[in-house]
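*Asks:* Handing you a structure now.
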Amino acid sequence: MVNASAGQGYCGGWSAALAEKFRAQGVEADITLAKSGEEMIARAKRAVAEGAPVVVAGGGDGTINAVASALVDSRTSLGVLPLGTLNHFAKDLNIPLELDEAVANVVRGEATPVDVGEVNGRIFLNNSSLGIYPDIVRDREHQQKHLGRGKWHAFARAVFVAARRFPFMSVRLKLNGAEHSRRTPFVFIGNNEYMQGLTMGERERLDSGKMYLYVAQKPTRLGLLRYAIHALFGRLSEAKDFDVLSATELVIETRHRKMRVATDGEVTVMAPPLCYRSRAAALRVIVPAAPAT
């Protein structure tokens, strides 16, 4: 399943070329150029019901998330063709970024179980956040859709507006039998641990069965801008002044009746409390086979 609404020029010719790449690896692929996340999820669910051993998602992290949501706790493995801009999930699993090599990995690789995070029933593979980043994404998408601005122009204006408003939120964090009250512009929840020293913004593993909570302390306006930029590129490790906690489950309470919550870059409106949990080894993903010894 390929996200055909991503504006990358996918068409019948491209689909035929992709089918030929799979054919060169000795398999026949049933390719769907989906026009929406809902279509991808529905098609993936049908494939699972039909007993498909592998379902392949082609696109960015949002597309991978949509397809993966239909495969969690099933025997169907997820193959990944990283066709997005940042491709964090593929990079963290050492999945090749070049298309021919990614196709070969889908066919020749091995399935390994990885954790997924969940918030109020919605899964995420990379991270979830609330505060300034979901607000910026919403504003950027509004500008792109209604004002016709390009992605980066819209993002820059959205960051400027957010910094001018200088938003903070009061949250109560419940995890590991303790409560923590914070007033912060940003809360970040990673599926497994981010910010690994010199490998900043990446994860060394996706099978610890834990989520990591990063809560931004009060920054200056300039610091708020840095948070937004680091969040966009998935490199929050370069920002400073975070409280870091880990847990298998956590609850975030706030006085707001509704909150915008980002999951793998997609923004959803949810009603608190926000109940997070790690679903250990819930998804099988095809990764490069270990070298023979």
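Ordering of the structure tokens sets the chain letters (A, B, ...); residue numbers start at 1 within each chain; ligands are numbered from 1 in the order shown.
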Which neighbours of Ile64 in chain A fall inside 10 Å, counting only C-alpha atoms, when residues of the same chain fewer than 4 positions from it are skipped, and could you give them as a PyMOL selection string?

*Replies:* chain A and resi 1-3+37+40+56-60+68-69+78-84+87+89-90+124-125+264

*Asks:* Go ahead and write the residues just picked, N, CA and C atoms, as a CSV table (one decimal), in the first residue's frame.

*Replies:*
```csv
chain,number,residue,atom,x,y,z
A,1,MET,N,0.8,-1.2,0.0
A,1,MET,CA,0.0,0.0,0.0
A,1,MET,C,0.9,1.2,0.0
A,2,VAL,N,0.6,2.1,-1.0
A,2,VAL,CA,1.4,3.3,-1.1
A,2,VAL,C,0.5,4.5,-1.0
A,3,ASN,N,0.9,5.5,-0.2
A,3,ASN,CA,0.1,6.7,0.0
A,3,ASN,C,0.2,7.6,-1.3
A,37,GLY,N,-5.7,7.7,4.4
A,37,GLY,CA,-5.3,6.8,5.5
A,37,GLY,C,-6.4,5.8,5.8
A,40,MET,N,-6.1,3.0,3.3
A,40,MET,CA,-5.0,2.1,3.6
A,40,MET,C,-5.3,1.1,4.8
A,56,VAL,N,2.9,-4.5,3.1
A,56,VAL,CA,4.0,-3.5,2.9
A,56,VAL,C,3.4,-2.1,2.8
A,57,ALA,N,4.0,-1.2,3.6
A,57,ALA,CA,3.5,0.2,3.6
A,57,ALA,C,4.6,1.0,2.9
A,58,GLY,N,4.2,1.8,1.9
A,58,GLY,CA,5.1,2.7,1.2
A,58,GLY,C,4.8,4.1,1.5
A,59,GLY,N,5.6,4.9,2.1
A,59,GLY,CA,5.3,6.3,2.4
A,59,GLY,C,6.2,6.8,3.6
A,60,GLY,N,5.7,7.9,4.2
A,60,GLY,CA,6.4,8.4,5.4
A,60,GLY,C,5.9,7.8,6.6
A,68,ALA,N,0.4,0.0,10.0
A,68,ALA,CA,0.8,-0.8,11.1
A,68,ALA,C,-0.4,-0.9,12.1
A,69,SER,N,-1.3,0.1,12.2
A,69,SER,CA,-2.4,0.0,13.2
A,69,SER,C,-3.3,-1.1,12.9
A,78,LEU,N,4.8,-6.5,8.9
A,78,LEU,CA,4.9,-5.3,8.2
A,78,LEU,C,6.2,-5.1,7.5
A,79,GLY,N,6.1,-4.9,6.2
A,79,GLY,CA,7.2,-4.5,5.4
A,79,GLY,C,7.2,-3.0,5.2
A,80,VAL,N,8.4,-2.4,5.1
A,80,VAL,CA,8.5,-0.9,5.0
A,80,VAL,C,9.2,-0.5,3.8
A,81,LEU,N,8.6,0.4,3.0
A,81,LEU,CA,9.3,1.1,1.9
A,81,LEU,C,9.3,2.5,2.3
A,82,PRO,N,10.5,3.0,2.8
A,82,PRO,CA,10.6,4.4,3.3
A,82,PRO,C,10.6,5.4,2.2
A,83,LEU,N,9.4,5.9,1.8
A,83,LEU,CA,9.3,6.9,0.7
A,83,LEU,C,9.0,8.3,1.3
A,84,GLY,N,9.1,8.5,2.6
A,84,GLY,CA,8.9,9.9,3.1
A,84,GLY,C,10.1,10.7,3.2
A,87,ASN,N,11.6,9.5,7.6
A,87,ASN,CA,11.7,8.0,7.7
A,87,ASN,C,12.4,7.6,9.0
A,89,PHE,N,11.2,5.7,11.6
A,89,PHE,CA,11.0,4.3,11.9
A,89,PHE,C,11.9,3.4,11.2
A,90,ALA,N,12.0,3.6,9.9
A,90,ALA,CA,12.9,2.8,9.0
A,90,ALA,C,14.4,2.9,9.4
A,124,PHE,N,1.2,4.5,18.1
A,124,PHE,CA,2.2,5.3,17.5
A,124,PHE,C,3.5,4.4,17.5
A,125,LEU,N,4.3,4.5,16.4
A,125,LEU,CA,5.5,3.8,16.3
A,125,LEU,C,6.7,4.5,16.8
A,264,ASP,N,3.1,10.2,15.7
A,264,ASP,CA,3.9,10.1,14.5
A,264,ASP,C,3.6,11.2,13.4
```

*Asks:* List as a PDB file with N, CA and C atoms, in the first residue's frame the protein and nucleic acid residues near Arg182 in chain A, meaning an atom at most 12 Å away when only C-alpha atoms are counted, but skip any in the same chain fewer than 2 places from it.

*Replies:*
```
ATOM      1  N   PHE A 168       1.699  27.837  27.347  1.00  0.00           N
ATOM      2  CA  PHE A 168       2.052  26.857  28.365  1.00  0.00           C
ATOM      3  C   PHE A 168       0.794  26.100  28.752  1.00  0.00           C
ATOM      4  N   MET A 169       0.972  24.909  29.285  1.00  0.00           N
ATOM      5  CA  MET A 169      -0.163  24.128  29.768  1.00  0.00           C
ATOM      6  C   MET A 169       0.220  23.496  31.099  1.00  0.00           C
ATOM      7  N   SER A 170      -0.768  23.323  31.949  1.00  0.00           N
ATOM      8  CA  SER A 170      -0.560  22.665  33.235  1.00  0.00           C
ATOM      9  C   SER A 170      -0.995  21.213  33.094  1.00  0.00           C
ATOM     10  N   VAL A 171      -0.117  20.289  33.456  1.00  0.00           N
ATOM     11  CA  VAL A 171      -0.417  18.867  33.335  1.00  0.00           C
ATOM     12  C   VAL A 171      -0.073  18.156  34.636  1.00  0.00           C
ATOM     13  N   ARG A 172      -0.791  17.063  34.901  1.00  0.00           N
ATOM     14  CA  ARG A 172      -0.467  16.180  36.008  1.00  0.00           C
ATOM     15  C   ARG A 172      -0.094  14.838  35.402  1.00  0.00           C
ATOM     16  N   LEU A 173       1.095  14.356  35.700  1.00  0.00           N
ATOM     17  CA  LEU A 173       1.617  13.128  35.138  1.00  0.00           C
ATOM     18  C   LEU A 173       1.552  12.030  36.189  1.00  0.00           C
ATOM     19  N   LYS A 174       0.923  10.918  35.857  1.00  0.00           N
ATOM     20  CA  LYS A 174       0.811   9.801  36.778  1.00  0.00           C
ATOM     21  C   LYS A 174       1.520   8.591  36.174  1.00  0.00           C
ATOM     22  N   GLU A 179       2.933  10.971  41.214  1.00  0.00           N
ATOM     23  CA  GLU A 179       2.341  12.048  40.439  1.00  0.00           C
ATOM     24  C   GLU A 179       3.323  13.211  40.345  1.00  0.00           C
ATOM     25  N   HIS A 180       3.334  13.860  39.180  1.00  0.00           N
ATOM     26  CA  HIS A 180       4.217  15.001  38.946  1.00  0.00           C
ATOM     27  C   HIS A 180       3.405  16.103  38.285  1.00  0.00           C
ATOM     28  N   THR A 184       4.272  23.530  31.412  1.00  0.00           N
ATOM     29  CA  THR A 184       5.251  23.300  30.353  1.00  0.00           C
ATOM     30  C   THR A 184       4.661  23.637  28.996  1.00  0.00           C
ATOM     31  N   PRO A 185       5.487  23.983  28.007  1.00  0.00           N
ATOM     32  CA  PRO A 185       4.988  24.188  26.648  1.00  0.00           C
ATOM     33  C   PRO A 185       4.948  22.901  25.832  1.00  0.00           C
ATOM     34  N   PHE A 186       5.521  21.801  26.373  1.00  0.00           N
ATOM     35  CA  PHE A 186       5.747  20.657  25.501  1.00  0.00           C
ATOM     36  C   PHE A 186       5.915  19.383  26.311  1.00  0.00           C
ATOM     37  N   VAL A 187       5.176  18.325  25.922  1.00  0.00           N
ATOM     38  CA  VAL A 187       5.368  16.992  26.477  1.00  0.00           C
ATOM     39  C   VAL A 187       5.579  16.030  25.318  1.00  0.00           C
ATOM     40  N   TYR A 214       9.395  12.855  28.115  1.00  0.00           N
ATOM     41  CA  TYR A 214      10.269  14.025  28.168  1.00  0.00           C
ATOM     42  C   TYR A 214       9.388  15.260  28.344  1.00  0.00           C
ATOM     43  N   VAL A 215       9.588  15.958  29.447  1.00  0.00           N
ATOM     44  CA  VAL A 215       8.772  17.127  29.749  1.00  0.00           C
ATOM     45  C   VAL A 215       9.669  18.362  29.723  1.00  0.00           C
ATOM     46  N   ALA A 216       9.343  19.292  28.818  1.00  0.00           N
ATOM     47  CA  ALA A 216      10.141  20.505  28.701  1.00  0.00           C
ATOM     48  C   ALA A 216       9.904  21.419  29.886  1.00  0.00           C
ATOM     49  N   GLN A 217      10.961  21.892  30.480  1.00  0.00           N
ATOM     50  CA  GLN A 217      10.860  22.899  31.514  1.00  0.00           C
ATOM     51  C   GLN A 217      10.674  24.264  30.872  1.00  0.00           C
ATOM     52  N   LYS A 218      10.388  25.286  31.682  1.00  0.00           N
ATOM     53  CA  LYS A 218      10.066  26.608  31.138  1.00  0.00           C
ATOM     54  C   LYS A 218      11.230  27.192  30.342  1.00  0.00           C
ATOM     55  N   PHE A 242      15.115  19.075  29.947  1.00  0.00           N
ATOM     56  CA  PHE A 242      14.006  18.129  29.951  1.00  0.00           C
ATOM     57  C   PHE A 242      14.030  17.302  31.223  1.00  0.00           C
ATOM     58  N   ASP A 243      12.848  17.044  31.785  1.00  0.00           N
ATOM     59  CA  ASP A 243      12.695  15.970  32.756  1.00  0.00           C
ATOM     60  C   ASP A 243      12.488  14.687  31.963  1.00  0.00           C
ATOM     61  N   ILE A 252      -1.808  11.255  31.599  1.00  0.00           N
ATOM     62  CA  ILE A 252      -1.620  12.705  31.614  1.00  0.00           C
ATOM     63  C   ILE A 252      -2.988  13.352  31.803  1.00  0.00           C
ATOM     64  N   GLU A 253      -3.120  14.119  32.864  1.00  0.00           N
ATOM     65  CA  GLU A 253      -4.363  14.835  33.145  1.00  0.00           C
ATOM     66  C   GLU A 253      -4.158  16.332  32.963  1.00  0.00           C
ATOM     67  N   THR A 254      -5.205  17.007  32.539  1.00  0.00           N
ATOM     68  CA  THR A 254      -5.177  18.448  32.356  1.00  0.00           C
ATOM     69  C   THR A 254      -6.586  18.986  32.535  1.00  0.00           C
TER      70      THR A 254
END
```

*Asks:* Set the distance at 8 Å and use only C-alpha atoms: which residues neighbour Ser77 in chain A once local chain neighbours fewer than 6 positions away are removed? I'd like the list as an MDAnalysis selection string.

*Replies:* chainID A and resid 53:55 71 111 283:286

*Asks:* For the residues in that selection, give me all heavy atoms as a compact mmCIF listing (two decimals), in the first residue's frame.

*Replies:*
```txt
# COMPACT_ATOMS: atom_id res chain seq x y z
N PRO A 53 0.65 -13.01 4.64
CA PRO A 53 1.79 -13.10 5.55
C PRO A 53 2.52 -11.77 5.74
O PRO A 53 3.11 -11.53 6.78
CB PRO A 53 2.70 -14.14 4.89
CG PRO A 53 2.35 -14.08 3.44
CD PRO A 53 0.89 -13.74 3.38
N VAL A 54 2.47 -10.92 4.70
CA VAL A 54 3.17 -9.64 4.75
C VAL A 54 2.30 -8.56 4.12
O VAL A 54 1.71 -8.77 3.05
CB VAL A 54 4.52 -9.71 3.99
CG1 VAL A 54 5.23 -8.35 4.05
CG2 VAL A 54 5.42 -10.80 4.55
N VAL A 55 2.23 -7.42 4.78
CA VAL A 55 1.62 -6.22 4.21
C VAL A 55 2.70 -5.14 4.21
O VAL A 55 3.34 -4.89 5.23
CB VAL A 55 0.40 -5.75 5.02
CG1 VAL A 55 -0.08 -4.38 4.53
CG2 VAL A 55 -0.73 -6.77 4.90
N LEU A 71 -2.20 -4.05 11.74
CA LEU A 71 -1.43 -5.30 11.87
C LEU A 71 -1.07 -5.65 13.30
O LEU A 71 -0.59 -6.76 13.57
CB LEU A 71 -0.13 -5.20 11.05
CG LEU A 71 -0.24 -4.75 9.60
CD1 LEU A 71 1.11 -4.87 8.90
CD2 LEU A 71 -1.29 -5.55 8.84
N ALA A 111 11.41 -11.29 10.06
CA ALA A 111 10.44 -10.59 10.90
C ALA A 111 10.92 -10.58 12.34
O ALA A 111 11.37 -11.60 12.87
CB ALA A 111 9.08 -11.27 10.80
N LEU A 283 4.00 -5.82 17.30
CA LEU A 283 4.05 -5.67 15.85
C LEU A 283 5.27 -6.39 15.30
O LEU A 283 6.38 -6.22 15.81
CB LEU A 283 4.12 -4.19 15.48
CG LEU A 283 4.23 -3.84 13.99
CD1 LEU A 283 2.92 -4.21 13.26
CD2 LEU A 283 4.53 -2.35 13.82
N ARG A 284 5.06 -7.18 14.25
CA ARG A 284 6.17 -7.86 13.58
C ARG A 284 6.58 -7.03 12.37
O ARG A 284 5.75 -6.71 11.52
CB ARG A 284 5.75 -9.27 13.15
CG ARG A 284 5.47 -10.20 14.32
CD ARG A 284 4.81 -11.49 13.87
NE ARG A 284 5.57 -12.19 12.84
CZ ARG A 284 6.58 -13.01 13.08
NH1 ARG A 284 6.95 -13.24 14.34
NH2 ARG A 284 7.22 -13.62 12.11
N VAL A 285 7.87 -6.70 12.30
CA VAL A 285 8.39 -5.86 11.21
C VAL A 285 9.54 -6.59 10.53
O VAL A 285 10.39 -7.20 11.19
CB VAL A 285 8.88 -4.50 11.73
CG1 VAL A 285 9.36 -3.63 10.58
CG2 VAL A 285 7.79 -3.79 12.52
N ILE A 286 9.57 -6.54 9.21
CA ILE A 286 10.66 -7.18 8.46
C ILE A 286 11.87 -6.26 8.43
O ILE A 286 11.80 -5.12 7.95
CB ILE A 286 10.20 -7.52 7.03
CG1 ILE A 286 9.03 -8.51 7.10
CG2 ILE A 286 11.37 -8.12 6.24
CD1 ILE A 286 8.49 -8.89 5.73
```

*Asks:* For Glu193 in chain A, which residue out of A:Val72, A:Cys275, A:Val244, A:Val267 is the nearest one, using only C-alpha atoms?

*Replies:*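 Checking each candidate against Glu193 in chain A, we get A:Val244 as the closest.
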
*Asks:* Which one of A:Asn94, A:Asp30, A:Val107, A:Phe188 sits closest to Ile132 in chain A if you count only C-alpha atoms?

*Replies:*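 The closest residue to Ile132 in chain A is A:Phe188.
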
*Asks:* With a distance cut-off of 9 Å and only C-alpha atoms, select the neighbouring residues of range 207-213 of chain A, excluding the residue or stretch itself and same-chain residues fewer than 2 positions from it, and output the selection as an NGL selection string.

*Replies:* :A and (113-117 or 187-194 or 205 or 215 or 243-250 or 276-281)

*Asks:* Using only C-alpha atoms, which of A:Ile123, A:Leu274, A:Ala16, A:Ile95 sits nearest Glu28 in chain A?

*Replies:*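 Among A:Ile123, A:Leu274, A:Ala16, A:Ile95, it is A:Ala16 that comes nearest to Glu28 in chain A.
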
*Asks:* Work out how far apart CA of Arg203 in chain A and CA of Glu98 in chain A are and give it in Å to one decimal.

*Replies:*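 Answer for the CA of Arg203 in chain A to CA of Glu98 in chain A separation: 20.5 Å.
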
*Asks:* CA of Ile41 in chain A and CA of Met259 in chain A, how far apart in Å?

*Replies:*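 Those two atoms sit 24.2 Å apart.
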
*Asks:* Between A:Leu86, A:Arg183, A:Lys45, A:Ala178, single out the one closest to Asp73 in chain A, counting only C-alpha atoms.

*Replies:*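 The closest residue to Asp73 in chain A is A:Lys45.
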
*Asks:* Could you check the closest approach to Ala102 in chain A for each of A:Asn65, A:Gln25, A:Thr32, A:Asn120 and tell me which residue wins, using only C-alpha atoms?

*Replies:*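 Of all the options, A:Gln25 lies closest to Ala102 in chain A.
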
*Asks:* Measuring between only C-alpha atoms, which one of A:Ala24, A:Ala29, A:Asn126, A:Ser36 shows the shortest distance to Ser5 in chain A?

*Replies:*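 Smallest distance to Ser5 in chain A is found for A:Ser36.
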
*Asks:* How many Å lie between CA of Lys21 in chain A and CA of Arg75 in chain A, rounded to one decimal?

*Replies:*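 Atom-to-atom, CA of Lys21 in chain A to CA of Arg75 in chain A, that is 25.0 Å.
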
*Asks:* If you run DSSP on the backbone, which residues of range 20-129 of chain A are strand (DSSP E or B), as a ChimeraX atom specification?

*Replies:* /A:33-34,54-59,77-82,110-119,122-124,127-129
